[in-house]
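Source file: upload.txt; contents: compact mmCIF, C-alpha atoms and all ligand atoms.
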```txt
# COMPACT_ATOMS: atom_id res chain seq x y z
CA MET A 270 -19.60 -57.41 -26.32
CA THR A 271 -17.41 -54.88 -28.06
CA ALA A 272 -13.66 -55.22 -28.04
CA SER A 273 -11.96 -52.93 -25.58
CA THR A 274 -10.61 -49.80 -27.19
CA LEU A 275 -9.22 -48.49 -23.95
CA ASP A 276 -5.54 -48.72 -23.37
CA ASN A 277 -3.18 -47.54 -20.73
CA ASP A 278 -3.13 -44.05 -22.22
CA GLN A 279 -6.41 -43.46 -20.48
CA LEU A 280 -5.01 -44.45 -17.14
CA THR A 281 -3.68 -40.94 -16.93
CA GLU A 282 -2.06 -39.39 -13.94
CA GLU A 283 -5.18 -37.26 -13.48
CA ALA A 284 -7.35 -40.36 -13.47
CA GLU A 285 -5.09 -41.96 -10.92
CA ARG A 286 -4.94 -38.87 -8.75
CA LEU A 287 -8.71 -38.52 -8.78
CA ALA A 288 -9.10 -42.14 -7.76
CA ARG A 289 -6.73 -41.49 -4.89
CA THR A 290 -8.09 -38.21 -3.69
CA ARG A 291 -11.68 -39.34 -3.83
CA TYR A 292 -10.89 -42.37 -1.82
CA PRO A 293 -10.54 -41.04 1.73
CA CYS A 294 -13.22 -41.01 4.37
CA PRO A 295 -16.52 -39.18 3.90
CA PRO A 296 -16.79 -35.86 5.77
CA PHE A 297 -18.30 -35.21 9.17
CA ILE A 298 -20.88 -32.44 9.19
CA VAL A 299 -21.56 -30.17 12.12
CA ARG A 300 -24.39 -27.62 12.14
CA PHE A 301 -24.18 -24.33 14.02
CA PRO A 302 -27.17 -22.18 14.94
CA SER A 303 -25.42 -19.12 13.53
CA SER A 304 -24.15 -18.11 10.12
CA ASN A 305 -21.25 -16.24 11.62
CA ILE A 306 -18.93 -19.21 12.15
CA LYS A 307 -15.39 -19.42 10.86
CA GLU A 308 -14.71 -22.92 9.54
CA GLN A 309 -10.98 -22.66 10.15
CA LYS A 310 -11.57 -21.79 13.80
CA VAL A 311 -13.94 -24.75 14.15
CA SER A 312 -11.31 -27.15 12.89
CA GLU A 313 -8.59 -25.65 15.10
CA GLU A 314 -10.71 -25.73 18.21
CA LEU A 315 -11.89 -29.27 17.55
CA CYS A 316 -8.31 -30.54 17.14
CA LYS A 317 -7.28 -28.70 20.28
CA HIS A 318 -10.19 -30.18 22.24
CA LEU A 319 -9.28 -33.74 21.30
CA LYS A 320 -5.63 -33.12 22.06
CA ASP A 321 -6.18 -31.45 25.44
CA ASN A 322 -9.03 -33.60 26.70
CA LYS A 323 -8.53 -36.97 25.06
CA GLN A 324 -4.85 -36.92 24.10
CA LEU A 325 -5.86 -37.70 20.53
CA GLN A 326 -4.06 -36.26 17.55
CA LEU A 327 -6.93 -35.51 15.19
CA GLU A 328 -5.72 -34.75 11.67
CA LEU A 329 -7.99 -32.90 9.29
CA ILE A 330 -7.05 -32.52 5.64
CA GLY A 331 -9.73 -29.99 4.94
CA TYR A 332 -12.81 -28.15 6.04
CA ARG A 333 -15.35 -26.09 4.25
CA ARG A 334 -18.73 -24.52 4.62
CA SER A 335 -21.57 -26.43 3.02
CA THR A 336 -22.91 -24.80 -0.12
CA LEU A 337 -26.29 -26.42 0.33
CA LYS A 338 -29.12 -24.16 1.30
CA TYR A 339 -29.72 -23.90 4.98
CA ALA A 340 -31.70 -21.58 7.18
CA ALA A 341 -30.37 -18.02 7.31
CA ASN A 342 -29.25 -18.36 10.90
CA GLU A 343 -27.52 -21.72 10.47
CA CYS A 344 -24.44 -23.05 8.82
CA ASP A 345 -23.04 -26.49 8.18
CA ILE A 346 -19.31 -27.10 8.32
CA LEU A 347 -17.80 -30.13 6.60
CA LEU A 348 -14.72 -31.64 8.21
CA PHE A 349 -12.52 -33.98 6.19
CA VAL A 350 -10.32 -36.33 8.17
CA LYS A 351 -6.94 -37.51 7.00
CA ASP A 352 -7.19 -41.23 7.66
CA ASN A 353 -8.92 -44.12 9.41
CA LEU A 354 -7.47 -43.18 12.73
CA SER A 355 -8.83 -39.64 12.69
CA PHE A 356 -12.10 -40.98 11.30
CA SER A 357 -12.50 -43.27 14.29
CA PHE A 358 -11.69 -40.40 16.71
CA LEU A 359 -14.54 -38.33 15.32
CA TYR A 360 -16.89 -41.24 14.74
CA ASN A 361 -16.85 -41.89 18.43
CA ASP A 362 -19.38 -39.38 19.79
CA THR A 363 -17.92 -39.33 23.25
CA ASN A 364 -14.66 -37.81 22.04
CA GLY A 365 -16.21 -34.65 20.68
CA PRO A 366 -16.86 -31.43 22.57
CA THR A 367 -20.45 -30.26 23.04
CA THR A 368 -19.65 -26.66 22.17
CA LEU A 369 -17.22 -25.08 19.74
CA LEU A 370 -16.42 -21.36 19.50
CA ARG A 371 -18.76 -20.87 22.45
CA SER A 372 -21.66 -22.13 20.38
CA THR A 373 -23.58 -25.36 20.72
CA PHE A 374 -23.74 -27.41 17.56
CA THR A 375 -25.42 -30.53 16.26
CA ARG A 376 -23.62 -33.35 14.61
CA LEU A 377 -25.51 -34.40 11.55
CA LYS A 378 -25.88 -38.10 10.86
CA SER A 379 -22.56 -39.91 11.06
CA PRO A 380 -20.95 -40.51 7.69
CA SER A 381 -20.96 -44.00 6.24
CA ILE A 382 -18.03 -46.12 7.27
CA PRO A 383 -15.30 -46.13 4.62
CA PRO A 384 -13.86 -49.30 3.06
CA GLN A 385 -10.66 -48.80 5.04
CA LEU A 386 -12.58 -49.65 8.20
CA SER A 387 -14.45 -52.58 6.72
CA VAL A 388 -13.64 -56.21 6.03
CA ILE A 389 -15.26 -58.96 4.00
CA MET A 390 -16.12 -62.37 5.42
CA LYS A 391 -16.22 -65.01 2.73
CA SER A 392 -18.21 -68.21 2.28
CA VAL A 393 -21.03 -67.15 4.59
CA GLY A 394 -23.70 -69.58 3.40
CA LEU A 395 -27.09 -68.14 2.52
CA SER A 396 -28.73 -70.46 5.04
CA ILE A 397 -27.09 -68.52 7.88
CA ASN A 398 -29.54 -66.12 9.47
CA ILE A 399 -27.90 -62.73 9.23
CA GLU A 400 -29.62 -61.36 12.35
CA ASP A 401 -28.41 -64.17 14.58
CA PHE A 402 -25.04 -63.92 12.92
CA THR A 403 -24.90 -60.18 13.64
CA THR A 404 -25.76 -60.74 17.29
CA GLU A 405 -22.99 -63.25 17.65
CA LEU A 406 -20.46 -60.98 15.93
CA ARG A 407 -21.46 -57.98 18.03
CA SER A 408 -20.73 -59.94 21.18
CA MET A 409 -17.19 -60.47 19.87
CA PHE A 410 -16.32 -56.95 18.67
CA SER A 411 -17.12 -53.78 20.59
CA SER A 412 -16.33 -51.54 17.61
CA LEU A 413 -18.49 -53.43 15.11
CA GLU A 414 -21.08 -51.04 13.68
CA ASN A 415 -22.76 -52.83 10.81
CA VAL A 416 -23.02 -56.28 9.29
CA VAL A 417 -24.16 -56.25 5.69
CA ARG A 418 -24.93 -59.22 3.45
CA MET A 419 -23.57 -58.31 0.01
CA LYS A 420 -25.61 -58.55 -3.17
CA ASN A 421 -24.66 -59.22 -6.74
CA ARG A 422 -25.60 -57.03 -9.65
CA PHE A 423 -28.97 -58.70 -9.91
CA GLN A 424 -29.63 -57.73 -6.28
CA LYS A 425 -29.39 -61.38 -5.21
CA GLU A 426 -27.73 -62.07 -1.90
CA ILE A 427 -24.29 -63.65 -2.10
CA THR A 428 -22.01 -65.40 0.36
CA LEU A 429 -19.91 -62.33 1.14
CA VAL A 430 -20.69 -60.37 4.31
CA LYS A 431 -19.25 -56.94 5.04
CA LEU A 432 -18.34 -55.95 8.58
CA GLU A 433 -17.98 -52.22 9.28
CA PHE A 434 -15.97 -51.09 12.28
CA ASN A 435 -15.83 -47.66 13.91
CA CYS A 436 -12.28 -48.18 15.06
CA ARG A 437 -9.29 -49.70 13.31
CA VAL A 438 -7.85 -51.84 16.10
CA GLU A 439 -10.30 -54.74 16.07
CA ARG A 440 -10.44 -54.62 12.30
CA GLU A 441 -6.68 -54.85 11.97
CA ASN A 442 -6.43 -57.71 14.43
CA LEU A 443 -9.14 -59.53 12.56
CA LEU A 444 -7.39 -59.01 9.24
CA SER A 445 -4.10 -60.25 10.59
CA ASP A 446 -5.86 -63.38 11.88
CA GLY A 447 -7.30 -63.80 8.39
CA LYS A 448 -10.25 -65.78 9.70
CA LEU A 449 -13.15 -65.52 12.08
CA ARG A 450 -15.04 -68.25 13.91
CA ALA A 451 -18.79 -67.79 14.23
CA CYS A 452 -21.72 -70.25 14.25
CA SER A 453 -19.04 -72.90 14.85
CA ILE A 454 -17.60 -72.26 11.40
CA SER A 455 -14.32 -70.61 10.50
CA PHE A 456 -14.71 -67.97 7.76
CA PRO A 457 -11.91 -66.39 5.74
CA VAL A 458 -11.66 -62.62 6.27
CA VAL A 459 -10.13 -60.24 3.71
CA GLU A 460 -9.90 -56.51 3.17
CA TYR A 461 -12.88 -54.79 1.63
CA LEU A 462 -11.83 -52.74 -1.36
CA ALA A 463 -13.89 -50.16 -3.10
CA GLN A 464 -13.41 -49.67 -6.77
CA ALA A 465 -11.54 -46.62 -8.01
CA ARG A 466 -13.55 -43.78 -9.47
CA VAL A 467 -13.27 -43.20 -13.17
CA LEU A 468 -12.73 -39.70 -14.44
CA ILE A 469 -15.00 -38.72 -17.34
CA CYS A 470 -14.58 -35.29 -18.93
CA GLY A 471 -17.70 -33.15 -18.54
CA LYS A 472 -17.06 -31.51 -21.90
CA CYS A 473 -16.05 -34.19 -24.42
CA CYS A 474 -17.07 -37.28 -22.37
CA SER A 475 -13.65 -38.85 -22.89
CA ILE A 476 -12.03 -40.73 -20.09
CA GLY A 477 -8.99 -39.62 -18.14
CA HIS A 478 -9.02 -35.82 -17.95
CA PHE A 479 -10.90 -32.99 -16.30
CA ARG A 480 -13.07 -30.52 -18.18
CA ARG A 481 -10.53 -27.75 -17.68
CA GLN A 482 -7.86 -29.88 -19.35
CA CYS A 483 -10.10 -30.72 -22.30
CA ARG A 484 -8.63 -29.94 -25.71
CA GLN A 485 -11.89 -30.26 -27.63
CA ASN A 486 -13.45 -26.94 -28.65
CA CYS A 487 -17.05 -28.03 -28.89
CA GLU A 488 -19.02 -29.97 -26.31
CA THR A 489 -20.20 -33.54 -26.72
CA CYS A 490 -23.74 -34.34 -25.67
CA ARG A 491 -23.46 -37.10 -23.13
CA THR A 492 -26.75 -38.59 -24.27
CA CYS A 493 -26.73 -38.57 -28.06
CA ARG A 494 -22.95 -38.05 -28.49
CA GLN A 495 -23.48 -35.21 -30.96
CA ALA A 496 -20.70 -32.58 -30.86
CA VAL A 497 -22.25 -29.14 -30.48
CA SER A 498 -21.05 -25.57 -29.94
CA TYR A 499 -23.50 -24.74 -27.18
CA ILE A 500 -24.77 -27.61 -25.11
CA LYS A 501 -27.52 -25.47 -23.55
CA GLN A 502 -28.96 -24.79 -26.99
CA HIS A 503 -28.67 -28.46 -27.93
CA LEU A 504 -30.43 -29.95 -24.91
CA PRO A 505 -34.01 -29.01 -25.89
CA LEU A 506 -33.30 -30.37 -29.39
CA CYS A 507 -31.50 -33.54 -28.32
CA SER A 508 -32.92 -36.76 -29.77
CA LYS A 509 -32.62 -38.26 -26.25
CA GLN A 510 -31.49 -41.48 -27.96
CA PRO A 511 -28.58 -42.60 -25.80
CA HIS A 512 -25.46 -43.48 -27.73
CA CYS A 513 -22.24 -44.06 -25.80
CA ILE A 514 -19.02 -42.65 -27.31
CA HIS A 515 -16.95 -45.38 -25.67
CA CYS A 516 -18.73 -48.64 -26.51
CA LYS A 517 -21.36 -47.38 -29.01
CA GLN A 518 -24.14 -49.06 -27.04
CA ASN A 519 -27.42 -47.37 -26.13
CA HIS A 520 -26.58 -45.66 -22.85
CA ALA A 521 -25.22 -42.23 -21.99
CA SER A 522 -21.46 -41.66 -22.33
CA ASP A 523 -21.03 -41.06 -18.61
CA ASP A 524 -22.92 -44.20 -17.61
CA MET A 525 -20.87 -46.27 -15.16
CA ARG A 526 -22.50 -49.43 -16.54
CA CYS A 527 -20.52 -48.98 -19.73
CA SER A 528 -18.29 -52.00 -20.35
CA GLU A 529 -15.38 -49.74 -21.34
CA VAL A 530 -15.71 -47.66 -18.19
CA LYS A 531 -15.88 -50.83 -16.12
CA ASN A 532 -12.72 -52.17 -17.74
CA LEU A 533 -10.90 -48.98 -17.04
CA ARG A 534 -12.15 -48.93 -13.49
CA ALA A 535 -10.85 -52.42 -12.88
CA ASN A 536 -7.45 -51.52 -14.37
CA LEU A 537 -7.25 -48.37 -12.33
CA THR A 538 -8.17 -50.15 -9.14
CA ARG A 539 -5.60 -52.82 -9.84
CA ARG A 540 -2.97 -50.17 -10.44
CA LEU A 541 -3.78 -48.41 -7.18
CA LEU A 542 -3.55 -51.68 -5.33
CA ASN A 543 -0.21 -52.47 -6.86
CA SER A 544 1.35 -49.12 -6.18
CA ASN A 545 3.45 -49.16 -3.06
CA ASN A 546 1.91 -46.19 -1.36
CA GLY A 547 -1.67 -47.11 -2.19
CA LEU A 548 -4.04 -45.85 0.46
CA ILE A 549 -6.10 -48.95 0.09
CA SER A 550 -3.88 -51.56 1.59
CA ALA A 551 -1.75 -49.30 3.71
CA SER A 552 -2.50 -51.11 6.91
CA SER A 553 -2.17 -54.81 6.35
CA SER A 554 -2.05 -57.78 4.02
CA PRO A 555 1.24 -57.14 2.24
CA GLY A 556 0.58 -60.19 0.12
CA TYR A 557 -2.79 -59.02 -1.09
CA LEU A 558 -4.19 -60.79 -4.12
CA TYR A 559 -6.55 -58.94 -6.37
CA ASP A 560 -9.87 -60.72 -6.44
CA GLN A 561 -12.78 -59.25 -8.36
CA SER A 562 -15.28 -60.91 -6.05
CA ASN A 563 -14.11 -58.75 -3.15
CA PHE A 564 -15.36 -55.62 -4.82
CA PRO A 565 -18.72 -54.13 -4.16
CA ARG A 566 -21.04 -54.10 -7.09
CA LEU A 567 -21.29 -50.99 -9.19
CA PRO A 568 -24.16 -48.77 -8.09
CA TYR A 569 -26.55 -49.72 -10.87
CA ALA A 570 -24.66 -52.32 -12.86
ZN ZN B 601 -12.55 -33.60 -22.63
ZN ZN B 602 -27.88 -34.80 -27.36
ZN ZN B 603 -20.63 -47.38 -23.15
```
In structure tokens, what does this structure look like?
Amino acid sequence: MTASTLDNDQLTEEAERLARTRYPCPPFIVRFPSSNIKEQKVSEELCKHLKDNKQLQLELIGYRRSTLKYAANECDILLFVKDNLSFSFLYNDTNGPTTLLRSTFTRLKSPSIPPQLSVIMKSVGLSINIEDFTTELRSMFSSLENVVRMKNRFQKEITLVKLEFNCRVERENLLSDGKLRACSISFPVVEYLAQARVLICGKCCSIGHFRRQCRQNCETCRTCRQAVSYIKQHLPLCSKQPHCIHCKQNHASDDMRCSEVKNLRANLTRRLLNSNNGLISASSSPGYLYDQSNFPRLPYA
């Protein structure tokens, strides 16, 4: 274990802003059978539909056309919602119109439910059958979408269970109760918090700034950490021996398993949680206590 060389200098404003801006809900994707669709018009008409027909104030913070390849006569529009409330409006299929801009469209698979609409149940013993448990929970909450037994970094099941809701009301009530009775046992319930994203420069592999802000002239190979003038020329010649610039261990410099990156991520998350206007705990639990065990495991840690 190497000593941490990271300090608060790397918790830059950019790093914090990225962690914030990447936090909101995943986008909804709608596919039109025509390439001649104006994304702005789609968003306007959708908001108007929900307002006029459902009296819902849908707030979108962005929309764009997908850059992925699609058939010539199709286009996908990505809609980014502002918050949990707008997410739940769109998540609920019955709220949406069936046509927009006089064109039928298909809603692609619903996005995954964001942490802001999830909670964690603690101390759910491994002997509890998760299917029976799910059935019981579903009978209690109409907006419960998924029940997921969490795993540790060795992919072993643990006693935390995540509940994902499609609407904030039941989730918020549950959080304010702070506990949930199921299988004749009372379980503590806490917010589910995703870890902040760490910003790693695509040019020099340092932490805390974007490529366009990079002050290094050459590029650093993320695998072998050699500094080179032209990364494209280097790649065929690269030793492919991973050597991390942060912790000097044998993994790539942008590997999220890196102990230094993990430290920074924990600090950044803690800072976001402590800031007054953090998106994470905007809704409830003013007395939130940071607890590492509430965090999901890193993707491949
Ligand atoms: Zn850089
Ligand atoms: Zn290299
Ligand atoms: Zn490392």
Practice task
Within 7 Å of ligand ZN 601 (chain B), which residues show up when you count all atoms listed in the file? List them as a PyMOL selection string, please.
Solution key: chain A and resi 470-475+478-480+482-485
Handout entry: 8 Å contact set for A:Ser387, all atoms listed in the file, chain neighbours under 4 positions out, as a ChimeraX atom specification
Key = /A:382-383,431-434,440,460-461
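A cut-off of 12 Å from the point (-8.2, -24.9, 18.8), with all atoms listed in the file, picks out the residues Glu308, Gln309, Lys310, Val311, Ser312, Glu313, Glu314, Leu315, Cys316, Lys317, His318, Leu319, Lys320, Asp321, Asn322, Leu327, Pro366, Leu369, Leu370 and Arg371 of chain A.
Those protein and nucleic acid residues that have any atom within 6 Å of ligand ZN 603 (chain B) are, using only C-alpha atoms and all ligand atoms, Cys513, His515, Cys516, Lys517, Gln518, Ser522, Cys527 and Ser528 of chain A.
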Handout entry: Within 12 Å of ligand ZN 602 (chain B), counting only C-alpha atoms and all ligand atoms, residues as a PyMOL selection string
Key = chain A and resi 488-514+520-522
Practice task
Can you pull out every residue within 7 Å of stretch 340-345 of chain A, counting all atoms listed in the file, but drop anything in the same chain fewer than 6 positions away, and send it as a PyMOL selection string?
Solution key: chain A and resi 298-304+334
Fill in the blank from the handout: Closest of A:Ile346, A:Leu429, A:Gly331, A:Leu462 to A:Phe374, counting all atoms listed in the file, is A:Ile346
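Of the listed residues (A:Ser455, A:Pro296, A:Lys425, A:Leu443), A:Pro296 comes nearest to A:Leu377; the distances count all atoms listed in the file.
Atom CA of A:Leu468 is positioned 22.7 Å from atom CA of A:Ser381.
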Exercise for the section: May I ask which of the residues A:Asn361, A:Asn486, A:Asn305, A:Asn532 is the closest one to A:Lys323, counting only C-alpha atoms? Expected result: A:Asn361
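Minimum atom-to-atom distances from A:Cys294, A:Val417, A:Ile399, A:Leu537 to A:Leu348 were compared using all atoms listed in the file, and the lowest value belongs to A:Cys294.
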Exercise for the section: With only C-alpha atoms counted, which protein, DNA or RNA residues have an atom no more than 12 Å from (-31.3, -64.2, 7.1) in the file frame? Please answer as JSON, numbers by chain. Expected result: {"A": [393, 394, 395, 396, 397, 398, 399, 400, 401, 402, 403, 416, 417, 418, 426, 427, 428, 430]}
Go ahead and save the residues from that selection, with C-alpha atoms, as a short mmCIF file (atom, residue, chain, number, x, y, z; two decimals), keeping the file's coordinate frame.
```cif
data_model
loop_
_atom_site.label_atom_id
_atom_site.label_comp_id
_atom_site.auth_asym_id
_atom_site.auth_seq_id
_atom_site.Cartn_x
_atom_site.Cartn_y
_atom_site.Cartn_z
CA VAL A 393 -21.03 -67.15 4.59
CA GLY A 394 -23.70 -69.58 3.40
CA LEU A 395 -27.09 -68.14 2.52
CA SER A 396 -28.73 -70.46 5.04
CA ILE A 397 -27.09 -68.52 7.88
CA ASN A 398 -29.54 -66.12 9.47
CA ILE A 399 -27.90 -62.73 9.23
CA GLU A 400 -29.62 -61.36 12.35
CA ASP A 401 -28.41 -64.17 14.58
CA PHE A 402 -25.04 -63.92 12.92
CA THR A 403 -24.90 -60.18 13.64
CA VAL A 416 -23.02 -56.28 9.29
CA VAL A 417 -24.16 -56.25 5.69
CA ARG A 418 -24.93 -59.22 3.45
CA GLU A 426 -27.73 -62.07 -1.90
CA ILE A 427 -24.29 -63.65 -2.10
CA THR A 428 -22.01 -65.40 0.36
CA VAL A 430 -20.69 -60.37 4.31
#
```
Handout entry: Atom pair atom CA of A:Asp523 / atom CA of A:Thr336: separation (Å)
Key = 24.7 Å
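When all atoms listed in the file are used to measure the gap to A:Ser355, the shortest distance among A:Arg466, A:Arg437, A:Arg534, A:Lys420 belongs to A:Arg437.
Minimum distance to A:Val438 across A:Phe456, A:Phe423, A:Phe297, A:Phe410 (counting all atoms listed in the file) occurs at A:Phe410.
Counting from atom CA of A:Ser335, the distance to atom CA of A:Leu347 is 6.4 Å.
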Report as lines of an AutoDock Vina configuration file the centre and the edge lengths, in Å to one decimal, of the axis-aligned box holding every listed atom of stretch 495-514 of chain A, padded by 5 Å on each side.
```
center_x = -26.5
center_y = -34.4
center_z = -27.3
size_x = 25.0
size_y = 29.3
size_z = 17.4
```
Some atoms are missing, so please complete stretch 407-416 of chain A with all heavy atoms and return it as a PDB file, in the coordinates of the input.
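Final output, result24.pdb:
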```pdb
ATOM      1  N   ARG A 407     -21.487 -59.161  17.155  1.00  0.00           N
ATOM      2  CA  ARG A 407     -21.460 -57.980  18.030  1.00  0.00           C
ATOM      3  C   ARG A 407     -20.923 -58.326  19.414  1.00  0.00           C
ATOM      4  O   ARG A 407     -20.278 -57.517  20.060  1.00  0.00           O
ATOM      5  CB  ARG A 407     -22.873 -57.394  18.191  1.00  0.00           C
ATOM      6  CG  ARG A 407     -23.273 -56.524  17.036  1.00  0.00           C
ATOM      7  CD  ARG A 407     -24.480 -55.676  17.431  1.00  0.00           C
ATOM      8  NE  ARG A 407     -25.176 -55.184  16.251  1.00  0.00           N
ATOM      9  CZ  ARG A 407     -24.731 -54.197  15.484  1.00  0.00           C
ATOM     10  NH1 ARG A 407     -23.607 -53.600  15.792  1.00  0.00           N
ATOM     11  NH2 ARG A 407     -25.408 -53.824  14.427  1.00  0.00           N
ATOM     12  N   SER A 408     -21.212 -59.549  19.857  1.00  0.00           N
ATOM     13  CA  SER A 408     -20.730 -59.940  21.180  1.00  0.00           C
ATOM     14  C   SER A 408     -19.204 -60.132  21.166  1.00  0.00           C
ATOM     15  O   SER A 408     -18.556 -60.164  22.203  1.00  0.00           O
ATOM     16  CB  SER A 408     -21.418 -61.220  21.628  1.00  0.00           C
ATOM     17  OG  SER A 408     -20.972 -62.295  20.827  1.00  0.00           O
ATOM     18  N   MET A 409     -18.637 -60.255  19.971  1.00  0.00           N
ATOM     19  CA  MET A 409     -17.190 -60.470  19.870  1.00  0.00           C
ATOM     20  C   MET A 409     -16.408 -59.187  19.642  1.00  0.00           C
ATOM     21  O   MET A 409     -15.230 -59.110  19.972  1.00  0.00           O
ATOM     22  CB  MET A 409     -16.902 -61.434  18.702  1.00  0.00           C
ATOM     23  CG  MET A 409     -17.514 -62.811  18.882  1.00  0.00           C
ATOM     24  SD  MET A 409     -17.754 -63.665  17.306  1.00  0.00           S
ATOM     25  CE  MET A 409     -16.101 -64.110  16.918  1.00  0.00           C
ATOM     26  N   PHE A 410     -17.037 -58.181  19.024  1.00  0.00           N
ATOM     27  CA  PHE A 410     -16.320 -56.950  18.670  1.00  0.00           C
ATOM     28  C   PHE A 410     -17.073 -55.726  19.189  1.00  0.00           C
ATOM     29  O   PHE A 410     -18.210 -55.476  18.796  1.00  0.00           O
ATOM     30  CB  PHE A 410     -16.191 -56.818  17.150  1.00  0.00           C
ATOM     31  CG  PHE A 410     -15.463 -57.955  16.509  1.00  0.00           C
ATOM     32  CD1 PHE A 410     -16.159 -58.962  15.861  1.00  0.00           C
ATOM     33  CD2 PHE A 410     -14.082 -58.020  16.558  1.00  0.00           C
ATOM     34  CE1 PHE A 410     -15.497 -60.015  15.270  1.00  0.00           C
ATOM     35  CE2 PHE A 410     -13.406 -59.071  15.966  1.00  0.00           C
ATOM     36  CZ  PHE A 410     -14.118 -60.074  15.329  1.00  0.00           C
ATOM     37  N   SER A 411     -16.426 -54.958  20.045  1.00  0.00           N
ATOM     38  CA  SER A 411     -17.120 -53.780  20.590  1.00  0.00           C
ATOM     39  C   SER A 411     -17.196 -52.655  19.562  1.00  0.00           C
ATOM     40  O   SER A 411     -18.051 -51.787  19.650  1.00  0.00           O
ATOM     41  CB  SER A 411     -16.392 -53.289  21.842  1.00  0.00           C
ATOM     42  OG  SER A 411     -15.061 -52.956  21.509  1.00  0.00           O
ATOM     43  N   SER A 412     -16.314 -52.658  18.565  1.00  0.00           N
ATOM     44  CA  SER A 412     -16.330 -51.540  17.610  1.00  0.00           C
ATOM     45  C   SER A 412     -17.057 -51.906  16.309  1.00  0.00           C
ATOM     46  O   SER A 412     -17.005 -51.164  15.337  1.00  0.00           O
ATOM     47  CB  SER A 412     -14.906 -51.079  17.295  1.00  0.00           C
ATOM     48  OG  SER A 412     -14.189 -52.089  16.619  1.00  0.00           O
ATOM     49  N   LEU A 413     -17.750 -53.026  16.316  1.00  0.00           N
ATOM     50  CA  LEU A 413     -18.490 -53.430  15.110  1.00  0.00           C
ATOM     51  C   LEU A 413     -19.766 -52.592  14.984  1.00  0.00           C
ATOM     52  O   LEU A 413     -20.594 -52.586  15.882  1.00  0.00           O
ATOM     53  CB  LEU A 413     -18.835 -54.919  15.176  1.00  0.00           C
ATOM     54  CG  LEU A 413     -19.590 -55.495  13.984  1.00  0.00           C
ATOM     55  CD1 LEU A 413     -18.775 -55.401  12.713  1.00  0.00           C
ATOM     56  CD2 LEU A 413     -19.987 -56.940  14.248  1.00  0.00           C
ATOM     57  N   GLU A 414     -19.904 -51.884  13.879  1.00  0.00           N
ATOM     58  CA  GLU A 414     -21.080 -51.040  13.680  1.00  0.00           C
ATOM     59  C   GLU A 414     -22.164 -51.733  12.852  1.00  0.00           C
ATOM     60  O   GLU A 414     -23.318 -51.742  13.210  1.00  0.00           O
ATOM     61  CB  GLU A 414     -20.705 -49.730  12.972  1.00  0.00           C
ATOM     62  CG  GLU A 414     -19.974 -48.730  13.840  1.00  0.00           C
ATOM     63  CD  GLU A 414     -20.899 -48.002  14.811  1.00  0.00           C
ATOM     64  OE1 GLU A 414     -22.099 -47.861  14.510  1.00  0.00           O
ATOM     65  OE2 GLU A 414     -20.412 -47.581  15.868  1.00  0.00           O
ATOM     66  N   ASN A 415     -21.765 -52.257  11.719  1.00  0.00           N
ATOM     67  CA  ASN A 415     -22.760 -52.830  10.810  1.00  0.00           C
ATOM     68  C   ASN A 415     -22.292 -54.156  10.220  1.00  0.00           C
ATOM     69  O   ASN A 415     -21.111 -54.346   9.981  1.00  0.00           O
ATOM     70  CB  ASN A 415     -23.030 -51.873   9.629  1.00  0.00           C
ATOM     71  CG  ASN A 415     -23.483 -50.516  10.105  1.00  0.00           C
ATOM     72  OD1 ASN A 415     -24.435 -50.396  10.866  1.00  0.00           O
ATOM     73  ND2 ASN A 415     -22.782 -49.477   9.676  1.00  0.00           N
ATOM     74  N   VAL A 416     -23.266 -55.021   9.972  1.00  0.00           N
ATOM     75  CA  VAL A 416     -23.020 -56.280   9.290  1.00  0.00           C
ATOM     76  C   VAL A 416     -23.945 -56.302   8.079  1.00  0.00           C
ATOM     77  O   VAL A 416     -25.160 -56.186   8.221  1.00  0.00           O
ATOM     78  CB  VAL A 416     -23.330 -57.476  10.225  1.00  0.00           C
ATOM     79  CG1 VAL A 416     -23.155 -58.804   9.492  1.00  0.00           C
ATOM     80  CG2 VAL A 416     -22.438 -57.422  11.468  1.00  0.00           C
TER      81      VAL A 416
END
```
